[in-house]
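Peer 1: To start, I am sharing the structure in question, which I have written as structure tokens.
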Amino acid sequence: MDEEYDVIVLGTGLTECILSGLLSKEGKKVLHMDRNDYYGGESASLNLTQLYRKFRPGQEPPAELGRDRDYAVDLVPKFIIASGELTQILVHTDVTRYLEFKQIAGSFVYRDGKISKVPSTEMEAVRSPLMGIFEKRRAKKFFEFLQGWKDEDPTTHQGINLDRDSMKTVYEKFGLEPGTQDFIGHAMALYLDDDYITKPARPTYNRIVLYTSSMARYGKSPYIYPLYGLGELPQSFARLSAIYGGTYMLDKPIDEIVTDEQGKFVGVRSGSETVKAKQVIGDPSYFGAGKQVEGKLRVVEESKVIRAICVLKHPIPETEDSDSCQIIIPQNQVGRRNDIYIAMVSSTHNVCAKGIHIAIVSTIVETDKPELEILPGLKLLGQIHDKFVSISPVYTPTAPGVDDNIFITQSYDATSHFETVVEDVQDVWKRVTGSDLVLKKQELEVQE
């Protein structure tokens with residue numbers, strides 16, 4: 001380990017693996033290390049043995065759940081937005097050659113005690129049970145306005161300035177009811193809370209257009225998902241890095257981040273060996289995870305996310321027997337500040353045995369009784385065969401890293417998709433390289 005590298009990457013979560021793949025492709029000499037003996041870190045997919053070892057140490061998985069190798073259970077439940085930023089990175093890097101994708105069958109929203117499909121066009125809005133007849137007309141006009149908007153043509157603006165007017169102003173212009181605002185803001189624009197309403201409307205407009213264009217791309221839902229679980233994503237980017245000369249070391253304890261007198265990064269120590277590099281990138285667990293290390297606090301806890309992995313022997317009721325789906329419970333529907341998400345996949349995606357469905361319920365923790373907070377989500381699942389609950393801190397770095405060459409990624413948040421992960425990748429990339437990440441646009445093939 002006496003070679004010197006351009007960059008050492010610590011942790012094999014998706015964010016770190018995308019960065020190591022992209023940096024290797026750019027000709028950087030990259031060493032990638034992980035304390036675990038498997039890829040993925042917090043974003044891994046586990047087989048049954050690994051799942052029980054993590055949540056129920058010393059307990060064997062029950063034989064009735066089937067073969068160990070039939071399972072790849074995600075620790076972090078997220079779907080890929082078909083026209084989103086992660087798809088662009090997958091295509092730009094050609095990592096798609098290692099992966100197969102399948103559509104997620106349905107996108108649903110919880111309202112007034114019922115689960116309904118999220119409408120994504122003016123035609124679907126007209127048929128949706130989410131709205132009464134007059135509200136449908138107003139929603140139809142709203143969707144027509146969005147689809148007809150052209151920046152360069154003021155006649156399409158209807159007196160609205162997306163960069164200046166708030167989303168509240170836009171909703172009021174079309175007279176949309178709070179319940180309609182709920183599904184537009186949370187199930188289409190995919191906001192976790194209602195803070196967006198008082199901010200300029202442009203980002204919300206962009207998010208709704210992303211949702212509707214992703215929906216139009218493959219038809220059933222705006223989401224796609226890799227066969228064999230999300231853990232395939234970091235592994236595929238690790239392959240990309242290896243092709244371009246990246247070196248990988250799993251099962252390697254990281255004992256110290258070595259810095260010089262000025263506090264600048266020098267290298268990483270594992271046991272008695274120290275490996276040197278110009279820069280280090282890593283997830284928060286390698287930098288104190290919210291605690292001071294040698295008098296320095298490098299990451300702080302921003303919030304906590306609770307996730308309940310539920311094993312079901314049936315599809316989720318009221319989801320049209322979908323083999324996979326997302327259900328969003330907007331916070332207003334259950335008297336919370338943050339939404340509750342349900343992500344469900346099944347054997348169709350090669351992540352569990354036949355006849356089994358895996359549903360993950362998650363939200364941002366707001367009280368000292370987090371398990372009670374996800375109850376509205378758990379109640380929608382029908383009979384739960386087994387349940388594994390985790391509460392994970394969400395860490396944010398305290399410094400950009402430009403001064404000491406220590407670049408720390410963010411923890412995976414409670415959102416149901418990868419857009420915030422890609423934002424973090426772009427942000428770290430710019431700080432590490434000094435330039436923007438530029439991607440080419442191409443198409444991605446997906447199974448029905």
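In the structure tokens, each chain is lettered A, B, ... as it comes, each chain's residues begin at 1, and ligands are numbered from 1 in order of appearance.
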Would you pick out the contacts of Asp195 in chain A at 12 Å or less, using only C-alpha atoms, so that residues sharing its chain but fewer than 2 positions from it are not included, and give the list as a ChimeraX atom specification?
Peer 2: /A:166-168,185-186,191-193,197-201,204,331,337-338
Peer 1: Would you tabulate, counting only C-alpha atoms, all residues of range 322-385 of chain A that have an atom at most 6 Å from an atom of range 106-116 of chain A, showing the closest pair of atoms and their distance in Å to one decimal, sorted by chain then ascending number, as a tab-separated table?
Peer 2:
```
residue	atom	partner	partner_atom	distance
A:Cys325	CA	A:Gly106	CA	4.6
A:Gln326	CA	A:Ser107	CA	5.0
A:Ile327	CA	A:Phe108	CA	4.6
A:Ile328	CA	A:Val109	CA	4.8
A:Ile329	CA	A:Tyr110	CA	5.0
```
Peer 1: Restrict the selected residues to all heavy atoms and save them as a JSON list (two decimals), in the first residue's frame.
Peer 2:
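Dumped to again.json:
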```
[["chain", "number", "residue", "atom", "x", "y", "z"],
["A", 325, "CYS", "N", -45.05, -1.17, -6.49],
["A", 325, "CYS", "CA", -45.69, 0.14, -6.50],
["A", 325, "CYS", "C", -45.04, 1.08, -5.51],
["A", 325, "CYS", "O", -44.24, 0.66, -4.66],
["A", 325, "CYS", "CB", -47.18, 0.03, -6.17],
["A", 325, "CYS", "SG", -47.53, -0.48, -4.49],
["A", 326, "GLN", "N", -45.39, 2.35, -5.66],
["A", 326, "GLN", "CA", -45.05, 3.33, -4.64],
["A", 326, "GLN", "C", -46.36, 3.94, -4.14],
["A", 326, "GLN", "O", -47.26, 4.21, -4.94],
["A", 326, "GLN", "CB", -44.20, 4.44, -5.23],
["A", 326, "GLN", "CG", -43.85, 5.49, -4.18],
["A", 326, "GLN", "CD", -43.18, 6.69, -4.80],
["A", 326, "GLN", "OE1", -43.80, 7.49, -5.49],
["A", 326, "GLN", "NE2", -41.89, 6.80, -4.57],
["A", 327, "ILE", "N", -46.47, 4.09, -2.83],
["A", 327, "ILE", "CA", -47.63, 4.80, -2.26],
["A", 327, "ILE", "C", -47.07, 5.95, -1.43],
["A", 327, "ILE", "O", -46.19, 5.76, -0.60],
["A", 327, "ILE", "CB", -48.48, 3.89, -1.34],
["A", 327, "ILE", "CG1", -48.93, 2.63, -2.08],
["A", 327, "ILE", "CG2", -49.70, 4.66, -0.83],
["A", 327, "ILE", "CD1", -49.53, 1.57, -1.17],
["A", 328, "ILE", "N", -47.58, 7.15, -1.70],
["A", 328, "ILE", "CA", -47.18, 8.31, -0.92],
["A", 328, "ILE", "C", -48.34, 8.72, -0.01],
["A", 328, "ILE", "O", -49.48, 8.83, -0.48],
["A", 328, "ILE", "CB", -46.76, 9.47, -1.84],
["A", 328, "ILE", "CG1", -45.46, 9.06, -2.57],
["A", 328, "ILE", "CG2", -46.55, 10.76, -1.05],
["A", 328, "ILE", "CD1", -44.95, 10.08, -3.54],
["A", 329, "ILE", "N", -48.04, 8.88, 1.26],
["A", 329, "ILE", "CA", -49.04, 9.39, 2.21],
["A", 329, "ILE", "C", -48.66, 10.83, 2.52],
["A", 329, "ILE", "O", -47.72, 11.07, 3.29],
["A", 329, "ILE", "CB", -49.07, 8.54, 3.50],
["A", 329, "ILE", "CG1", -49.30, 7.06, 3.18],
["A", 329, "ILE", "CG2", -50.14, 9.07, 4.46],
["A", 329, "ILE", "CD1", -49.26, 6.14, 4.39]]
```
Peer 1: Given only C-alpha atoms as the basis, pick out the residue of A:Glu4, A:Glu16, A:Glu26, A:Glu423 nearest to Thr274 in chain A.
Peer 2: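 Of A:Glu4, A:Glu16, A:Glu26, A:Glu423, the one nearest Thr274 in chain A, counting only C-alpha atoms, is A:Glu4.
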Peer 1: Looking only at alpha helix (DSSP H) from DSSP on the backbone, list the matching residues of range 162-209 of chain A as a VMD selection string.
Peer 2: chain A and resid 167 to 174 178 to 182 202 to 209
Peer 1: I need the residues from that last selection saved to file as an mmCIF file, in the first residue's frame (with C-alpha atoms), if you can.
Peer 2:
```cif
data_model
loop_
_atom_site.group_PDB
_atom_site.id
_atom_site.type_symbol
_atom_site.label_atom_id
_atom_site.label_comp_id
_atom_site.auth_asym_id
_atom_site.auth_seq_id
_atom_site.Cartn_x
_atom_site.Cartn_y
_atom_site.Cartn_z
ATOM 1 C CA MET A 167 -46.501 27.895 -6.054
ATOM 2 C CA LYS A 168 -49.246 29.166 -3.720
ATOM 3 C CA THR A 169 -50.021 31.889 -6.291
ATOM 4 C CA VAL A 170 -50.198 29.299 -9.087
ATOM 5 C CA TYR A 171 -52.519 27.002 -7.096
ATOM 6 C CA GLU A 172 -54.757 29.955 -6.240
ATOM 7 C CA LYS A 173 -54.917 31.104 -9.856
ATOM 8 C CA PHE A 174 -56.402 27.741 -10.827
ATOM 9 C CA PRO A 178 -55.869 21.633 -0.628
ATOM 10 C CA GLY A 179 -56.341 17.903 -1.360
ATOM 11 C CA THR A 180 -55.422 18.420 -5.022
ATOM 12 C CA GLN A 181 -52.423 20.538 -4.011
ATOM 13 C CA ASP A 182 -51.414 17.616 -1.765
ATOM 14 C CA ARG A 202 -40.094 27.109 -11.205
ATOM 15 C CA PRO A 203 -38.553 24.108 -9.350
ATOM 16 C CA THR A 204 -42.030 22.647 -8.748
ATOM 17 C CA TYR A 205 -42.914 23.132 -12.424
ATOM 18 C CA ASN A 206 -39.670 21.306 -13.379
ATOM 19 C CA ARG A 207 -40.426 18.452 -10.967
ATOM 20 C CA ILE A 208 -43.988 17.962 -12.260
ATOM 21 C CA VAL A 209 -42.752 17.971 -15.875
#
```
Peer 1: Using DSSP on the backbone coordinates, identify the residues of range 45-95 of chain A assigned to strand (DSSP E); present them as a list in words.
Peer 2: Ser45, Leu46, Val73, Asp74, Ile80 and Ile81 of chain A
Peer 1: In terms of the shortest atom-to-atom distance over only C-alpha atoms, which of A:Cys17, A:Val428, A:Val365, A:Ile316 is closest to Gly382 in chain A?
Peer 2: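 Among the listed residues, A:Ile316 lies closest to Gly382 in chain A.
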Peer 1: Taking only C-alpha atoms into account, name the residue in A:Arg298, A:Val421, A:Glu373, A:Ala216 that is nearest to Gly401 in chain A.
Peer 2: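 Closest to Gly401 in chain A of all the choices is A:Arg298.
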